[in-house]
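Here's the structure, in structure tokens; my notes come after.
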Amino acid sequence: MTRGGPDLVLVTGMSGAGRSSVLNVLEDLGFEAVDNLPIGLIDRLAAAAREGEERAPIALGVDIRTRDFDPAAIEALQRRLGAGDGLKLRTLFLDCDDEQLIRRFAETRRRHPLAADRPVADGIKLERRALAALRDVADVVLDTTELTVWDLKHRIKTLFADPNAAEDGPTVTVMSFAFRRGVPREADTVFDVRFLDNPHYDPDLRPLTGLNGAVGAHIAADPDFEGFLAEATALLDRVLPRYEREGKSYLTIAVGCTGGRHRSVYTAERLADRLADAGRRVNRFHRDLPADERDAGPASEAKRDGIGKERV
């Protein structure tokens with residue numbers, strides 16, 4: 001295989017977290033998508049993925065409903081396929097807040113697969129416990145709680161749609177977020193920038209975001225900003241090679257402030273710039289900015305279109 005991306009993606013995780021949506025996105029990106037294939041047949045698909053350079057990569061959906069589903073068997077499958085014949089296997093675990101999962105099941109009027117005769121919350125609790133070990137060994141953990149369908153498509157595209165990337169090392173996502181809405185579940189490293197001077201208290205800057213030049217100038221003027229950015233970059237320069245040696249293919253760096261609009265957004269952009277300048281493969285994502293504000297300034301390099309409002 002000559003693809004730079006994975007040959008086989010296992011899409012798993014919590015029921016209701018968006019597995020079907022992810023498979024649809026991967027199919028649009030050129031993957032052959034298969035859902036709920038019995039575990040015993042996955043080896044045959046893996047063999048097909050090795051057949052030739054022209055064959056499309058495969059996206060396989062497996063969850064608690066799959067025949068013979070066993071998290072331990074999936075872990076063993078990861079080890080076996082990942083070590084065999086140069087197959088590039090990646091596992092994507094979709095997670096979601098319990099409250100949002102309950103809401104989704106209520107809206108769709110579907111039963112949770114582990115709660116046929118009990119409340120949905122009980123089924124979610126049982127499933128989360130059963131999948132805990134699988135979540136821990138996944139290559140990517142993606143929290144879909146606050147993602148729109150368009151957000152989800154963007155995240156999946158940045159993770160899996162660059163087959164000819166020449167850069168070495170893990171793919172790094174630098175994400176801004178608001179502490180008041182919770183730390184991102186998928187974060188590997190978290191930086192807290194609530195100590196920086198807050199543009200929120202300037203009436204002219206409050207309606208703007210960290211993607212705006214005036215807001216950026218305000219934050220950059222903080223006497224501790226440049227020192228913090230340099231130290232954060234130096235820390236990542238030290239730990240990224242270690243993550244790489246551990247075999248980690250994806251790394252999420254989360255930068256948080258109170259509201260997720262100003263300090264975290266600007267700092268995340270500047271940190272992403274430094275990592276990109278160092279030759280890293282970098283994606284940018286501002287979790288708590290409304291979709292129509294994410295391109296509202298010259299600092300943004302992630303130009304987007306086709307904004308969707310519907311939730312996953």
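Letters A, B, ... go to the chains of the structure tokens in the order shown; residues in each chain start at 1; ligands are counted from 1 in the same order.
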
Report task. Find the spatial neighbours of A:Ala121, counting only C-alpha atoms, within a cut-off of 10 Å - ignore same-chain residues fewer than 6 positions away - and output them as an NGL selection string. Result -> :A and (98-99 or 101-102 or 112 or 114-115 or 127)

Could those residues be written to a file, using C-alpha atoms, as a short mmCIF file (atom, residue, chain, number, x, y, z; two decimals), in the first residue's frame?
data_model
loop_
_atom_site.label_atom_id
_atom_site.label_comp_id
_atom_site.auth_asym_id
_atom_site.auth_seq_id
_atom_site.Cartn_x
_atom_site.Cartn_y
_atom_site.Cartn_z
CA ASP A 98 -24.60 10.91 28.92
CA GLU A 99 -27.19 13.69 28.94
CA LEU A 101 -27.02 10.56 24.51
CA ILE A 102 -30.28 10.35 26.47
CA HIS A 112 -30.71 1.61 23.60
CA LEU A 114 -28.64 -2.60 26.40
CA ALA A 115 -31.86 -1.08 27.74
CA GLU A 127 -22.22 0.25 27.82
#

Requested in this report: Write down as number ranges by chain the residues belonging to stretch 64-307 of chain A that are assigned alpha helix (DSSP H) by DSSP computed on the backbone.
Outcome: A: 71-82, 98-108, 120-137, 149-160, 213-220, 225-245, 263-277

Residue neighbourhood A:Ile74, 9 Å, only C-alpha atoms, exclusion window fewer than 4 positions, as a CSV table (one decimal) with all heavy atoms, in the first residue's frame:
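This is the output file out26.csv:
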chain,number,residue,atom,x,y,z
A,39,ILE,N,-17.7,-9.9,13.9
A,39,ILE,CA,-16.3,-9.8,14.3
A,39,ILE,C,-15.5,-10.9,13.5
A,39,ILE,O,-14.3,-10.6,13.1
A,39,ILE,CB,-16.1,-10.0,15.8
A,39,ILE,CG1,-16.8,-8.9,16.5
A,39,ILE,CG2,-14.6,-9.9,16.1
A,39,ILE,CD1,-16.4,-7.5,16.2
A,69,PHE,N,-19.8,-9.3,19.5
A,69,PHE,CA,-19.0,-8.1,19.9
A,69,PHE,C,-18.4,-8.4,21.3
A,69,PHE,O,-19.1,-8.8,22.2
A,69,PHE,CB,-19.8,-6.9,20.0
A,69,PHE,CG,-19.1,-5.7,20.4
A,69,PHE,CD1,-18.4,-4.9,19.5
A,69,PHE,CD2,-19.1,-5.3,21.7
A,69,PHE,CE1,-17.7,-3.8,19.9
A,69,PHE,CE2,-18.4,-4.1,22.1
A,69,PHE,CZ,-17.7,-3.4,21.2
A,70,ASP,N,-17.1,-8.1,21.4
A,70,ASP,CA,-16.4,-8.3,22.6
A,70,ASP,C,-15.2,-7.3,22.6
A,70,ASP,O,-14.3,-7.4,21.8
A,70,ASP,CB,-15.9,-9.8,22.8
A,70,ASP,CG,-15.1,-10.0,24.0
A,70,ASP,OD1,-15.0,-9.1,24.9
A,70,ASP,OD2,-14.5,-11.1,24.2
A,78,GLN,N,-7.0,-5.4,17.0
A,78,GLN,CA,-6.1,-4.2,16.8
A,78,GLN,C,-4.6,-4.7,16.8
A,78,GLN,O,-3.9,-4.3,15.9
A,78,GLN,CB,-6.3,-3.2,17.9
A,78,GLN,CG,-7.6,-2.4,17.8
A,78,GLN,CD,-7.7,-1.4,18.9
A,78,GLN,OE1,-8.2,-1.8,20.0
A,78,GLN,NE2,-7.1,-0.3,18.7
A,79,ARG,N,-4.3,-5.4,17.7
A,79,ARG,CA,-2.9,-5.9,17.8
A,79,ARG,C,-2.5,-6.7,16.7
A,79,ARG,O,-1.4,-6.6,16.1
A,79,ARG,CB,-2.6,-6.6,19.2
A,79,ARG,CG,-2.7,-5.7,20.4
A,79,ARG,CD,-2.2,-6.4,21.6
A,79,ARG,NE,-3.1,-7.6,22.0
A,79,ARG,CZ,-4.1,-7.5,22.8
A,79,ARG,NH1,-4.5,-6.4,23.3
A,79,ARG,NH2,-4.8,-8.6,23.0
A,134,LEU,N,-11.7,-0.5,25.8
A,134,LEU,CA,-11.5,-0.2,24.3
A,134,LEU,C,-11.3,1.2,24.1
A,134,LEU,O,-10.5,1.6,23.2
A,134,LEU,CB,-12.8,-0.7,23.6
A,134,LEU,CG,-12.8,-0.6,22.1
A,134,LEU,CD1,-11.6,-1.4,21.5
A,134,LEU,CD2,-14.1,-1.1,21.5

Report task. Within 8 Å of A:Ala187, counting only C-alpha atoms, which residues show up once you throw out same-chain ones fewer than 4 positions away? Write them as a PyMOL selection string, please. Result -> chain A and resi 183+251-254

Query raised in the report: Do you know which residues are at most 12 Å from A:Ala217 counting only C-alpha atoms, after dropping those on the same chain fewer than 4 positions away, and could you put them as a ChimeraX atom specification?
Result: /A:197-199,205,209-213,221-223,225-226,262-263,266-267,270,299

Restricting the output to N, CA, C and O atoms, write the selected residues as an mmCIF file, in the first residue's frame.
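Below is the file that was written, selection_13.cif:
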data_model
loop_
_atom_site.group_PDB
_atom_site.id
_atom_site.type_symbol
_atom_site.label_atom_id
_atom_site.label_comp_id
_atom_site.auth_asym_id
_atom_site.auth_seq_id
_atom_site.Cartn_x
_atom_site.Cartn_y
_atom_site.Cartn_z
ATOM 1 N N ASP A 197 -4.698 38.570 30.190
ATOM 2 C CA ASP A 197 -5.614 39.708 30.223
ATOM 3 C C ASP A 197 -6.815 39.427 29.329
ATOM 4 O O ASP A 197 -6.650 39.041 28.167
ATOM 5 N N ASN A 198 -8.011 39.622 29.847
ATOM 6 C CA ASN A 198 -9.233 39.185 29.173
ATOM 7 C C ASN A 198 -9.867 40.295 28.335
ATOM 8 O O ASN A 198 -10.343 41.304 28.889
ATOM 9 N N PRO A 199 -9.931 40.143 27.003
ATOM 10 C CA PRO A 199 -10.574 41.148 26.157
ATOM 11 C C PRO A 199 -12.079 41.297 26.425
ATOM 12 O O PRO A 199 -12.686 42.265 25.971
ATOM 13 N N LEU A 205 -14.083 45.060 22.236
ATOM 14 C CA LEU A 205 -13.560 43.755 21.845
ATOM 15 C C LEU A 205 -14.486 42.595 22.221
ATOM 16 O O LEU A 205 -14.403 41.520 21.643
ATOM 17 N N THR A 209 -13.879 37.891 18.396
ATOM 18 C CA THR A 209 -13.278 36.620 18.822
ATOM 19 C C THR A 209 -11.763 36.698 18.681
ATOM 20 O O THR A 209 -11.216 37.669 18.146
ATOM 21 N N GLY A 210 -11.106 35.652 19.142
ATOM 22 C CA GLY A 210 -9.658 35.582 19.040
ATOM 23 C C GLY A 210 -9.144 35.472 17.616
ATOM 24 O O GLY A 210 -7.930 35.529 17.395
ATOM 25 N N LEU A 211 -10.025 35.346 16.649
ATOM 26 C CA LEU A 211 -9.632 35.338 15.242
ATOM 27 C C LEU A 211 -9.522 36.750 14.688
ATOM 28 O O LEU A 211 -9.089 36.937 13.554
ATOM 29 N N ASN A 212 -9.943 37.743 15.478
ATOM 30 C CA ASN A 212 -9.902 39.140 15.056
ATOM 31 C C ASN A 212 -8.558 39.761 15.410
ATOM 32 O O ASN A 212 -8.014 39.518 16.494
ATOM 33 N N GLY A 213 -8.031 40.563 14.508
ATOM 34 C CA GLY A 213 -6.716 41.155 14.719
ATOM 35 C C GLY A 213 -6.615 42.028 15.952
ATOM 36 O O GLY A 213 -5.599 42.011 16.662
ATOM 37 N N ALA A 221 -0.328 41.686 23.789
ATOM 38 C CA ALA A 221 0.276 42.753 24.579
ATOM 39 C C ALA A 221 0.449 42.370 26.046
ATOM 40 O O ALA A 221 1.161 43.058 26.785
ATOM 41 N N ASP A 222 -0.211 41.284 26.467
ATOM 42 C CA ASP A 222 -0.022 40.831 27.844
ATOM 43 C C ASP A 222 1.457 40.463 28.022
ATOM 44 O O ASP A 222 2.010 39.692 27.236
ATOM 45 N N PRO A 223 2.125 41.004 29.053
ATOM 46 C CA PRO A 223 3.568 40.761 29.196
ATOM 47 C C PRO A 223 3.954 39.299 29.383
ATOM 48 O O PRO A 223 5.114 38.936 29.164
ATOM 49 N N PHE A 225 2.329 36.757 27.728
ATOM 50 C CA PHE A 225 1.852 35.925 26.625
ATOM 51 C C PHE A 225 2.999 35.261 25.870
ATOM 52 O O PHE A 225 2.996 34.044 25.664
ATOM 53 N N GLU A 226 3.979 36.032 25.425
ATOM 54 C CA GLU A 226 5.047 35.476 24.604
ATOM 55 C C GLU A 226 5.858 34.437 25.376
ATOM 56 O O GLU A 226 6.249 33.407 24.826
ATOM 57 N N HIS A 262 -11.988 34.311 23.204
ATOM 58 C CA HIS A 262 -10.909 35.251 22.976
ATOM 59 C C HIS A 262 -9.530 34.645 23.217
ATOM 60 O O HIS A 262 -8.816 34.312 22.274
ATOM 61 N N ARG A 263 -9.151 34.508 24.497
ATOM 62 C CA ARG A 263 -7.789 34.094 24.844
ATOM 63 C C ARG A 263 -7.446 32.704 24.334
ATOM 64 O O ARG A 263 -6.366 32.485 23.766
ATOM 65 N N TYR A 266 -7.171 32.722 20.317
ATOM 66 C CA TYR A 266 -5.949 33.345 19.807
ATOM 67 C C TYR A 266 -4.718 32.511 20.142
ATOM 68 O O TYR A 266 -3.847 32.281 19.289
ATOM 69 N N THR A 267 -4.642 32.033 21.377
ATOM 70 C CA THR A 267 -3.481 31.239 21.781
ATOM 71 C C THR A 267 -3.397 29.938 20.989
ATOM 72 O O THR A 267 -2.309 29.518 20.574
ATOM 73 N N ARG A 270 -1.990 30.686 17.555
ATOM 74 C CA ARG A 270 -0.553 30.961 17.555
ATOM 75 C C ARG A 270 0.251 29.696 17.854
ATOM 76 O O ARG A 270 1.332 29.486 17.301
ATOM 77 N N ALA A 299 -6.792 35.795 11.394
ATOM 78 C CA ALA A 299 -5.941 34.818 12.077
ATOM 79 C C ALA A 299 -6.288 33.390 11.711
ATOM 80 O O ALA A 299 -5.508 32.476 11.919
#

Report task. Fewer than 4 positions away in the same chain doesn't count, so skip those; otherwise give me all residues within 12 Å of A:Asp273, counting only C-alpha atoms, as a ChimeraX atom specification. Result -> /A:172-174,229,233,266-269,277-284,299-302

Query raised in the report: Can you tell me how far atom CA of A:Ala230 sits from atom CA of A:Leu196, in Å to one decimal?
Result: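 So the answer is 14.6 Å.
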
Query - Nearest candidate to A:Lys125 (options A:Ser249, A:Ser20, A:Thr108, A:Ser15; using only C-alpha atoms) - result: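 So, comparing all the options, the nearest one is A:Ser15.
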